[in-house]
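Asker: See entry_12.pdb below, with PDB, C-alpha atoms and all ligand atoms.
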```
MODEL        1
ATOM      1  CA  MET A   4      91.365 128.868  76.536
ATOM      2  CA  LEU A   5      88.928 129.455  79.376
ATOM      3  CA  VAL A   6      87.366 132.926  79.415
ATOM      4  CA  ASN A   7      84.335 134.514  81.043
ATOM      5  CA  LEU A   8      81.317 136.008  79.282
ATOM      6  CA  ARG A   9      82.498 139.600  79.570
ATOM      7  CA  GLU A  10      85.410 139.036  77.194
ATOM      8  CA  ILE A  11      83.321 137.062  74.715
ATOM      9  CA  LEU A  12      80.231 139.269  74.709
ATOM     10  CA  GLN A  13      81.961 142.668  74.600
ATOM     11  CA  GLN A  14      83.442 141.767  71.220
ATOM     12  CA  ALA A  15      80.149 140.325  69.987
ATOM     13  CA  ASP A  16      78.230 143.433  71.068
ATOM     14  CA  LYS A  17      80.706 145.766  69.369
ATOM     15  CA  LYS A  18      80.838 143.831  66.098
ATOM     16  CA  ARG A  19      77.146 142.784  66.052
ATOM     17  CA  TYR A  20      77.355 138.999  66.074
ATOM     18  CA  ALA A  21      76.216 136.454  68.666
ATOM     19  CA  VAL A  22      78.004 133.623  70.436
ATOM     20  CA  GLY A  23      76.249 130.297  70.934
ATOM     21  CA  GLY A  24      75.557 129.056  74.436
ATOM     22  CA  PHE A  25      75.548 125.319  73.690
ATOM     23  CA  ASN A  26      74.322 122.918  76.387
ATOM     24  CA  PHE A  27      76.160 119.663  76.743
ATOM     25  CA  THR A  28      74.280 116.601  77.903
ATOM     26  CA  SER A  29      77.045 114.016  77.484
ATOM     27  CA  LEU A  30      80.783 113.695  76.941
ATOM     28  CA  GLU A  31      80.085 113.374  73.215
ATOM     29  CA  THR A  32      78.202 116.685  72.993
ATOM     30  CA  ALA A  33      80.972 118.449  74.902
ATOM     31  CA  ILE A  34      83.547 117.067  72.437
ATOM     32  CA  ALA A  35      81.360 118.201  69.516
ATOM     33  CA  ILE A  36      81.009 121.784  70.833
ATOM     34  CA  VAL A  37      84.743 122.315  71.252
ATOM     35  CA  ALA A  38      85.514 120.589  67.926
ATOM     36  CA  ALA A  39      83.014 122.880  66.155
ATOM     37  CA  ALA A  40      84.553 125.966  67.799
ATOM     38  CA  GLU A  41      87.917 124.876  66.455
ATOM     39  CA  ALA A  42      86.644 124.061  62.963
ATOM     40  CA  GLU A  43      84.817 127.418  62.724
ATOM     41  CA  LYS A  44      87.490 129.390  64.618
ATOM     42  CA  SER A  45      84.658 130.660  66.797
ATOM     43  CA  PRO A  46      84.292 131.575  70.442
ATOM     44  CA  ALA A  47      81.762 129.414  72.284
ATOM     45  CA  ILE A  48      79.978 128.969  75.596
ATOM     46  CA  LEU A  49      79.829 125.453  77.018
ATOM     47  CA  GLN A  50      76.703 125.277  79.165
ATOM     48  CA  ILE A  51      75.877 122.891  81.989
ATOM     49  CA  SER A  52      72.316 122.597  83.320
ATOM     50  CA  GLU A  53      71.160 121.283  86.692
ATOM     51  CA  LYS A  54      69.833 118.157  84.972
ATOM     52  CA  THR A  55      73.296 117.428  83.541
ATOM     53  CA  ILE A  56      74.750 117.954  87.011
ATOM     54  CA  ASP A  57      72.242 115.461  88.426
ATOM     55  CA  TYR A  58      73.237 113.079  85.629
ATOM     56  CA  CYS A  59      77.008 113.101  86.089
ATOM     57  CA  GLY A  60      77.904 115.383  89.026
ATOM     58  CA  LEU A  61      79.162 118.967  89.182
ATOM     59  CA  GLU A  62      82.854 118.084  89.410
ATOM     60  CA  LEU A  63      82.807 115.627  86.511
ATOM     61  CA  ALA A  64      80.795 117.962  84.261
ATOM     62  CA  PHE A  65      83.239 120.756  85.080
ATOM     63  CA  ALA A  66      86.300 118.524  84.556
ATOM     64  CA  ILE A  67      85.066 117.435  81.097
ATOM     65  CA  ALA A  68      84.520 121.044  80.034
ATOM     66  CA  LYS A  69      87.742 122.363  81.546
ATOM     67  CA  THR A  70      89.931 119.598  80.085
ATOM     68  CA  LEU A  71      88.562 120.162  76.581
ATOM     69  CA  ILE A  72      88.822 123.954  76.832
ATOM     70  CA  ASP A  73      92.375 123.946  78.213
ATOM     71  CA  LYS A  74      93.527 122.073  75.106
ATOM     72  CA  SER A  75      91.767 124.488  72.733
ATOM     73  CA  PRO A  76      93.097 127.835  71.475
ATOM     74  CA  ARG A  77      89.520 129.186  71.083
ATOM     75  CA  PRO A  78      88.027 131.452  73.769
ATOM     76  CA  ILE A  79      85.384 129.310  75.485
ATOM     77  CA  ALA A  80      83.398 129.902  78.695
ATOM     78  CA  ILE A  81      82.068 127.282  81.141
ATOM     79  CA  HIS A  82      78.606 128.497  82.030
ATOM     80  CA  PHE A  83      76.080 127.242  84.617
ATOM     81  CA  ASP A  84      72.736 127.429  82.762
ATOM     82  CA  HIS A  85      69.431 128.275  84.509
ATOM     83  CA  GLY A  86      70.831 128.185  88.035
ATOM     84  CA  ARG A  87      67.941 127.822  90.449
ATOM     85  CA  ASN A  88      69.683 125.762  93.114
ATOM     86  CA  PHE A  89      71.641 128.759  94.383
ATOM     87  CA  PRO A  90      73.982 126.938  96.830
ATOM     88  CA  LEU A  91      74.984 124.716  93.867
ATOM     89  CA  VAL A  92      75.598 127.771  91.650
ATOM     90  CA  LYS A  93      77.818 129.191  94.410
ATOM     91  CA  LYS A  94      79.772 125.939  94.515
ATOM     92  CA  ALA A  95      80.182 126.129  90.723
ATOM     93  CA  VAL A  96      81.746 129.598  91.085
ATOM     94  CA  GLU A  97      84.084 128.246  93.750
ATOM     95  CA  ILE A  98      85.265 125.277  91.666
ATOM     96  CA  GLY A  99      86.097 127.382  88.610
ATOM     97  CA  PHE A 100      83.103 127.949  86.306
ATOM     98  CA  SER A 101      83.818 131.162  84.411
ATOM     99  CA  SER A 102      80.194 132.284  84.304
ATOM    100  CA  VAL A 103      76.806 131.475  85.758
ATOM    101  CA  MET A 104      73.166 132.231  85.087
ATOM    102  CA  LEU A 105      70.792 133.043  87.925
ATOM    103  CA  ASP A 106      67.215 132.169  87.077
ATOM    104  CA  VAL A 107      65.260 134.143  89.689
ATOM    105  CA  SER A 108      61.945 133.940  87.864
ATOM    106  CA  LYS A 109      60.533 131.705  90.616
ATOM    107  CA  MET A 110      61.696 133.987  93.469
ATOM    108  CA  PRO A 111      59.327 136.517  95.093
ATOM    109  CA  GLU A 112      59.691 139.784  93.178
ATOM    110  CA  LYS A 113      60.923 141.872  96.114
ATOM    111  CA  GLU A 114      63.815 139.535  96.866
ATOM    112  CA  ARG A 115      65.207 139.343  93.319
ATOM    113  CA  ILE A 116      67.297 142.508  93.021
ATOM    114  CA  PRO A 117      69.024 142.315  96.457
ATOM    115  CA  PHE A 118      69.759 138.600  95.971
ATOM    116  CA  VAL A 119      71.238 138.996  92.481
ATOM    117  CA  LYS A 120      73.239 142.099  93.512
ATOM    118  CA  ASP A 121      74.899 140.173  96.384
ATOM    119  CA  PHE A 122      75.596 137.209  94.112
ATOM    120  CA  VAL A 123      77.159 139.474  91.463
ATOM    121  CA  GLU A 124      79.540 140.913  94.104
ATOM    122  CA  PHE A 125      80.514 137.402  95.179
ATOM    123  CA  ALA A 126      81.042 136.253  91.569
ATOM    124  CA  HIS A 127      82.881 139.350  90.333
ATOM    125  CA  LYS A 128      85.438 139.048  93.161
ATOM    126  CA  ARG A 129      86.348 135.729  91.538
ATOM    127  CA  ASN A 130      86.283 137.097  87.976
ATOM    128  CA  VAL A 131      83.120 135.123  87.224
ATOM    129  CA  THR A 132      80.419 136.783  85.106
ATOM    130  CA  VAL A 133      76.681 136.620  85.775
ATOM    131  CA  GLU A 134      73.718 136.337  83.421
ATOM    132  CA  ALA A 135      70.230 136.642  84.901
ATOM    133  CA  GLU A 136      66.662 135.943  83.924
ATOM    134  CA  GLU A 137      63.937 137.754  85.773
ATOM    135  CA  THR A 138      60.851 136.938  83.706
ATOM    136  CA  VAL A 139      60.057 133.313  83.071
ATOM    137  CA  ILE A 140      60.803 132.185  79.487
ATOM    138  CA  ALA A 141      58.143 129.942  77.976
ATOM    139  CA  GLY A 142      58.411 126.305  76.962
ATOM    140  CA  ARG A 143      59.136 123.111  78.737
ATOM    141  CA  GLU A 144      62.188 120.972  79.316
ATOM    142  CA  ASP A 145      62.684 118.529  82.136
ATOM    143  CA  TYR A 146      63.873 121.042  84.706
ATOM    144  CA  ILE A 147      62.764 124.258  83.028
ATOM    145  CA  GLN A 148      59.080 125.017  82.882
ATOM    146  CA  GLY A 149      57.374 128.175  81.784
ATOM    147  CA  GLU A 150      54.093 127.136  80.281
ATOM    148  CA  ALA A 151      52.868 130.581  79.282
ATOM    149  CA  HIS A 152      54.736 133.569  77.905
ATOM    150  CA  MET A 153      55.522 136.347  80.366
ATOM    151  CA  PHE A 154      57.222 139.027  78.345
ATOM    152  CA  THR A 155      60.070 141.211  79.587
ATOM    153  CA  ASP A 156      59.045 144.695  80.676
ATOM    154  CA  PRO A 157      61.745 147.110  79.375
ATOM    155  CA  LYS A 158      61.410 149.499  82.345
ATOM    156  CA  ARG A 159      61.805 146.722  84.874
ATOM    157  CA  ALA A 160      64.675 145.276  82.845
ATOM    158  CA  LYS A 161      66.479 148.642  83.043
ATOM    159  CA  GLN A 162      66.050 148.825  86.818
ATOM    160  CA  PHE A 163      66.993 145.153  87.270
ATOM    161  CA  THR A 164      70.195 145.358  85.212
ATOM    162  CA  GLU A 165      71.315 148.713  86.664
ATOM    163  CA  GLU A 166      70.710 147.811  90.300
ATOM    164  CA  THR A 167      72.123 144.277  90.187
ATOM    165  CA  GLY A 168      75.252 144.928  88.059
ATOM    166  CA  ILE A 169      74.794 141.728  86.017
ATOM    167  CA  ASP A 170      76.932 141.198  82.911
ATOM    168  CA  CYS A 171      74.165 140.087  80.528
ATOM    169  CA  PHE A 172      70.399 139.859  80.585
ATOM    170  CA  ALA A 173      68.137 137.056  79.306
ATOM    171  CA  VAL A 174      65.068 138.436  77.545
ATOM    172  CA  SER A 175      61.627 136.869  77.233
ATOM    173  CA  ILE A 176      60.293 137.927  73.832
ATOM    174  CA  GLY A 177      58.383 134.870  72.627
ATOM    175  CA  SER A 178      60.948 132.101  72.113
ATOM    176  CA  SER A 179      60.331 128.794  73.899
ATOM    177  CA  HIS A 180      62.476 126.053  75.382
ATOM    178  CA  GLY A 181      62.181 122.529  74.044
ATOM    179  CA  LYS A 182      60.797 121.118  70.818
ATOM    180  CA  PRO A 183      59.511 123.638  68.244
ATOM    181  CA  ILE A 184      56.112 125.206  68.882
ATOM    182  CA  PRO A 185      54.130 125.976  65.685
ATOM    183  CA  ASN A 186      54.036 129.656  64.665
ATOM    184  CA  GLU A 187      56.522 130.670  67.333
ATOM    185  CA  ASN A 188      57.429 134.305  66.808
ATOM    186  CA  LEU A 189      59.854 136.759  68.332
ATOM    187  CA  HIS A 190      58.571 140.187  69.340
ATOM    188  CA  MET A 191      61.130 142.362  67.630
ATOM    189  CA  ASP A 192      59.513 145.665  68.655
ATOM    190  CA  LEU A 193      59.772 144.608  72.276
ATOM    191  CA  LEU A 194      63.386 143.525  71.766
ATOM    192  CA  ALA A 195      64.197 146.931  70.257
ATOM    193  CA  GLU A 196      62.682 148.641  73.319
ATOM    194  CA  ILE A 197      64.616 146.409  75.716
ATOM    195  CA  ASP A 198      67.826 147.083  73.782
ATOM    196  CA  LYS A 199      67.272 150.831  74.152
ATOM    197  CA  ALA A 200      66.552 150.570  77.866
ATOM    198  CA  VAL A 201      69.300 148.118  78.869
ATOM    199  CA  SER A 202      73.025 148.692  78.452
ATOM    200  CA  VAL A 203      74.350 145.132  79.007
ATOM    201  CA  PRO A 204      74.453 142.486  76.209
ATOM    202  CA  LEU A 205      71.192 140.571  75.726
ATOM    203  CA  VAL A 206      70.679 136.800  75.683
ATOM    204  CA  LEU A 207      68.110 134.803  73.697
ATOM    205  CA  HIS A 208      67.026 131.480  75.221
ATOM    206  CA  GLY A 209      64.976 128.766  73.574
ATOM    207  CA  ALA A 210      66.496 129.484  70.159
ATOM    208  CA  SER A 211      66.531 125.942  68.757
ATOM    209  CA  SER A 212      64.674 125.785  65.439
ATOM    210  CA  THR A 213      64.318 129.589  65.263
ATOM    211  CA  PRO A 214      64.690 130.470  61.570
ATOM    212  CA  LYS A 215      67.754 132.334  60.315
ATOM    213  CA  PRO A 216      65.967 135.607  59.363
ATOM    214  CA  LEU A 217      64.615 135.962  62.919
ATOM    215  CA  ILE A 218      68.000 135.130  64.412
ATOM    216  CA  ARG A 219      69.725 137.721  62.195
ATOM    217  CA  GLN A 220      67.148 140.368  63.091
ATOM    218  CA  ALA A 221      67.464 139.586  66.815
ATOM    219  CA  ILE A 222      71.255 139.990  66.563
ATOM    220  CA  SER A 223      70.818 143.350  64.833
ATOM    221  CA  LEU A 224      68.669 144.384  67.836
ATOM    222  CA  GLY A 225      71.241 143.578  70.520
ATOM    223  CA  ILE A 226      71.172 139.791  71.085
ATOM    224  CA  CYS A 227      74.791 138.700  71.714
ATOM    225  CA  LYS A 228      74.357 135.224  73.230
ATOM    226  CA  ILE A 229      72.016 132.578  71.810
ATOM    227  CA  ASN A 230      71.198 129.397  73.739
ATOM    228  CA  ILE A 231      70.837 126.103  71.898
ATOM    229  CA  ASP A 232      70.171 122.757  73.499
ATOM    230  CA  THR A 233      67.194 120.947  71.932
ATOM    231  CA  ASP A 234      68.597 120.999  68.365
ATOM    232  CA  LEU A 235      71.754 119.277  69.651
ATOM    233  CA  ARG A 236      69.808 116.642  71.558
ATOM    234  CA  LEU A 237      67.648 115.928  68.496
ATOM    235  CA  ALA A 238      70.692 115.621  66.212
ATOM    236  CA  PHE A 239      72.446 113.338  68.690
ATOM    237  CA  THR A 240      69.501 111.006  69.232
ATOM    238  CA  ASP A 241      68.394 110.881  65.585
ATOM    239  CA  GLU A 242      71.910 109.819  64.652
ATOM    240  CA  VAL A 243      71.983 107.115  67.361
ATOM    241  CA  ARG A 244      68.703 105.735  65.947
ATOM    242  CA  GLN A 245      70.191 105.625  62.440
ATOM    243  CA  THR A 246      73.442 104.050  63.611
ATOM    244  CA  LEU A 247      71.676 101.345  65.584
ATOM    245  CA  ARG A 248      69.987 100.086  62.432
ATOM    246  CA  ASP A 249      73.221  98.176  61.990
ATOM    247  CA  GLU A 250      72.506  95.416  64.467
ATOM    248  CA  SER A 251      76.052  94.082  64.349
ATOM    249  CA  LEU A 252      77.308  97.112  66.334
ATOM    250  CA  TYR A 253      77.928  96.573  70.028
ATOM    251  CA  ASP A 254      80.818  98.905  70.905
ATOM    252  CA  PRO A 255      79.406 102.149  72.421
ATOM    253  CA  ARG A 256      82.208 104.124  70.773
ATOM    254  CA  ASP A 257      81.124 102.936  67.339
ATOM    255  CA  VAL A 258      77.519 103.728  68.236
ATOM    256  CA  LEU A 259      78.255 107.232  69.511
ATOM    257  CA  ARG A 260      81.028 108.500  67.220
ATOM    258  CA  PRO A 261      78.650 109.374  64.350
ATOM    259  CA  SER A 262      76.575 111.400  66.828
ATOM    260  CA  ILE A 263      79.602 113.564  67.692
ATOM    261  CA  GLU A 264      79.877 114.412  63.994
ATOM    262  CA  ALA A 265      76.123 115.063  63.664
ATOM    263  CA  VAL A 266      76.069 117.457  66.647
ATOM    264  CA  LYS A 267      79.271 119.174  65.469
ATOM    265  CA  LYS A 268      77.665 119.825  62.093
ATOM    266  CA  VAL A 269      74.605 121.457  63.670
ATOM    267  CA  ILE A 270      76.815 123.669  65.852
ATOM    268  CA  GLU A 271      78.957 124.730  62.879
ATOM    269  CA  GLU A 272      75.786 125.803  61.045
ATOM    270  CA  LYS A 273      74.643 127.781  64.105
ATOM    271  CA  MET A 274      78.035 129.487  64.404
ATOM    272  CA  LYS A 275      77.811 130.586  60.767
ATOM    273  CA  MET A 276      74.207 131.757  61.308
ATOM    274  CA  PHE A 277      75.194 133.717  64.447
ATOM    275  CA  GLY A 278      78.161 135.322  62.664
ATOM    276  CA  SER A 279      80.690 134.064  65.247
ATOM    277  CA  SER A 280      82.742 131.979  62.787
ATOM    278  CA  GLN A 281      86.276 133.336  62.247
ATOM    279  CA  LYS A 282      85.886 135.630  65.282
TER     280      LYS A 282
HETATM  281  O1  LIG B 301      67.104 125.968  78.941
HETATM  282  C1  LIG B 301      67.209 124.856  79.439
HETATM  283  C2  LIG B 301      68.167 123.869  78.991
HETATM  284  O2  LIG B 301      67.903 123.469  77.695
HETATM  285  C3  LIG B 301      68.323 122.771  79.994
HETATM  286  O3  LIG B 301      67.538 121.661  79.756
HETATM  287  O4  LIG B 301      67.184 120.963  82.155
HETATM  288  O5  LIG B 301      66.688 119.390  80.245
HETATM  289  O6  LIG B 301      69.066 119.973  80.829
HETATM  290  P1  LIG B 301      67.632 120.423  80.819
HETATM  291  P1  LIG B 302      66.274 125.226  73.340
HETATM  292  O1  LIG B 302      65.475 124.241  74.152
HETATM  293  O2  LIG B 302      65.401 125.980  72.378
HETATM  294  O3  LIG B 302      67.454 124.617  72.707
HETATM  295  O4  LIG B 302      66.813 126.341  74.388
HETATM  296  C1  LIG B 302      67.986 126.107  75.120
HETATM  297  C2  LIG B 302      68.188 127.094  76.227
HETATM  298  O5  LIG B 302      67.591 128.158  76.279
HETATM  299  C3  LIG B 302      69.167 126.734  77.259
HETATM  300  O6  LIG B 302      69.217 127.677  78.283
HETATM  301 ZN    ZN B 303      67.214 128.594  78.590
ENDMDL
END
```
Show this structure as structure tokens.

Answerer:
Amino acid sequence: MLVNLREILQQADKKRYAVGGFNFTSLETAIAIVAAAEAEKSPAILQISEKTIDYCGLELAFAIAKTLIDKSPRPIAIHFDHGRNFPLVKKAVEIGFSSVMLDVSKMPEKERIPFVKDFVEFAHKRNVTVEAEETVIAGREDYIQGEAHMFTDPKRAKQFTEETGIDCFAVSIGSSHGKPIPNENLHMDLLAEIDKAVSVPLVLHGASSTPKPLIRQAISLGICKINIDTDLRLAFTDEVRQTLRDESLYDPRDVLRPSIEAVKKVIEEKMKMFGSSQK
């Protein structure tokens, strides 16, 4: 059942759990996310990045997500992750995504609030929810680069969320995109301050490999959506490497099926860790 972020995150915020924003990079990962949501009876957020759109096209990525979600009884959102190509994000709203993220960290500061406010009006008219990131989040993936940490300023976050009317806010508190960085830490005092200042649900990006105690503490301090991509890509590719040891295999379905299971298992563990199972 397709839903937007408002419905999913309101419940999570009230009952203090978080819902995973899981990026899909292939048909197989999309299948694994929805299968895990069903196995865990959990809500979920199926995320599509600009790199995935370059890989298979906006319409096909959307059709894969929508077809899987329509067959599932679980509440699942289709979310445009790290939207920086704004005309493309607009198109995604028009073709039926239920939520989008605007990543305005590269935009001149003065233009951010008016731009996001206008976009929120456009999206809300279509019942589409909006997440936004104002301060660049560290780490590096192919299309997402934030080499150094720029931490969220709680006062600016308050002004940004109040004036734009966004539905949820992505914080920058020390997590990083991509493969694990040694001694990565989350600034819980800063998160507590942001949570006090901001009234909308908070989103944690770059949460792959973040240990359970930090995740649980972040949830207790207002994080309601947790983005995971790298852990799924690692599980998928590690499993392909294992499977291909059998040199007699030549059917792509036999090569890729074990990877669906491997990714599903990782997602089920995350859902348990986030407390969204059976919700
Ligand atoms: O936060 C970023 C996502 O993990 C997207 O990564 O641009 O390599 O698809 P990607
Ligand atoms: P990871 O690279 O840590 O999985 O972060 C994913 C993410 O934040 C997607 O927006
Ligand atoms: Zn991210």

Asker: Grab me every residue within 8 Å of ligand LIG 301 (chain B), counting only C-alpha atoms and all ligand atoms, and send it over as a ChimeraX atom specification.

Answerer: /A:26,28,51-55,84-85,144-147,180-181,208-209,230-233

Asker: For the residues in the current selection, export C-alpha atoms as a tab-separated table (two decimals), keeping the file's coordinate frame.

Answerer:
```tsv
chain	number	residue	atom	x	y	z
A	26	ASN	CA	74.32	122.92	76.39
A	28	THR	CA	74.28	116.60	77.90
A	51	ILE	CA	75.88	122.89	81.99
A	52	SER	CA	72.32	122.60	83.32
A	53	GLU	CA	71.16	121.28	86.69
A	54	LYS	CA	69.83	118.16	84.97
A	55	THR	CA	73.30	117.43	83.54
A	84	ASP	CA	72.74	127.43	82.76
A	85	HIS	CA	69.43	128.28	84.51
A	144	GLU	CA	62.19	120.97	79.32
A	145	ASP	CA	62.68	118.53	82.14
A	146	TYR	CA	63.87	121.04	84.71
A	147	ILE	CA	62.76	124.26	83.03
A	180	HIS	CA	62.48	126.05	75.38
A	181	GLY	CA	62.18	122.53	74.04
A	208	HIS	CA	67.03	131.48	75.22
A	209	GLY	CA	64.98	128.77	73.57
A	230	ASN	CA	71.20	129.40	73.74
A	231	ILE	CA	70.84	126.10	71.90
A	232	ASP	CA	70.17	122.76	73.50
A	233	THR	CA	67.19	120.95	71.93
```

Asker: Can you spell out as an mmCIF file with C-alpha atoms, in the coordinates of the input the set of residues that the PyMOL selection byres (((chain A and resi 269) around 10) and not hetatm) selects in the structure I just provided?

Answerer:
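The resulting file, out.cif, is shown below:
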```
data_model
loop_
_atom_site.group_PDB
_atom_site.id
_atom_site.type_symbol
_atom_site.label_atom_id
_atom_site.label_comp_id
_atom_site.auth_asym_id
_atom_site.auth_seq_id
_atom_site.Cartn_x
_atom_site.Cartn_y
_atom_site.Cartn_z
ATOM 1 C CA ALA A 35 81.360 118.201 69.516
ATOM 2 C CA ILE A 36 81.009 121.784 70.833
ATOM 3 C CA ALA A 39 83.014 122.880 66.155
ATOM 4 C CA ASP A 234 68.597 120.999 68.365
ATOM 5 C CA LEU A 235 71.754 119.277 69.651
ATOM 6 C CA ALA A 238 70.692 115.621 66.212
ATOM 7 C CA PHE A 239 72.446 113.338 68.690
ATOM 8 C CA GLU A 264 79.877 114.412 63.994
ATOM 9 C CA ALA A 265 76.123 115.063 63.664
ATOM 10 C CA VAL A 266 76.069 117.457 66.647
ATOM 11 C CA LYS A 267 79.271 119.174 65.469
ATOM 12 C CA LYS A 268 77.665 119.825 62.093
ATOM 13 C CA ILE A 270 76.815 123.669 65.852
ATOM 14 C CA GLU A 271 78.957 124.730 62.879
ATOM 15 C CA GLU A 272 75.786 125.803 61.045
ATOM 16 C CA LYS A 273 74.643 127.781 64.105
ATOM 17 C CA MET A 274 78.035 129.487 64.404
#
```

Asker: Here's a test: counting all atoms listed in the file, identify every protein, DNA and RNA residue with an atom at most 7 Å from (87.9, 132.6, 72.1) in the file's coordinate frame, and state them as a ChimeraX atom specification.

Answerer: /A:4,11,45-47,77-79

Asker: Which is closer to Phe100 of chain A than all the others in A:Met191, A:Leu259, A:Leu5, A:Ile218, using only C-alpha atoms?

Answerer: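 Once distances to Phe100 of chain A are computed over only C-alpha atoms, the minimum belongs to A:Leu5.
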
Asker: Could you work out how far atom CA of Asp170 of chain A lies from atom CA of Val203 of chain A, giving the answer in Å with one decimal?

Answerer: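 Separation of atom CA of Val203 of chain A and atom CA of Asp170 of chain A: 6.1 Å.
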
Asker: What does the distance from atom CA of Leu71 of chain A to atom CA of Val206 of chain A come to in Å, to one decimal?

Answerer: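 If I compute the distance from atom CA of Leu71 of chain A to atom CA of Val206 of chain A, I get 24.4 Å.
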
Asker: Restricting the calculation to all atoms listed in the file, which member of A:Arg244, A:Ser179, A:Cys227, A:Leu193 is positioned closest to Thr213 of chain A?

Answerer: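 Looking only at the distances to Thr213 of chain A, the closest residue turns out to be A:Ser179.
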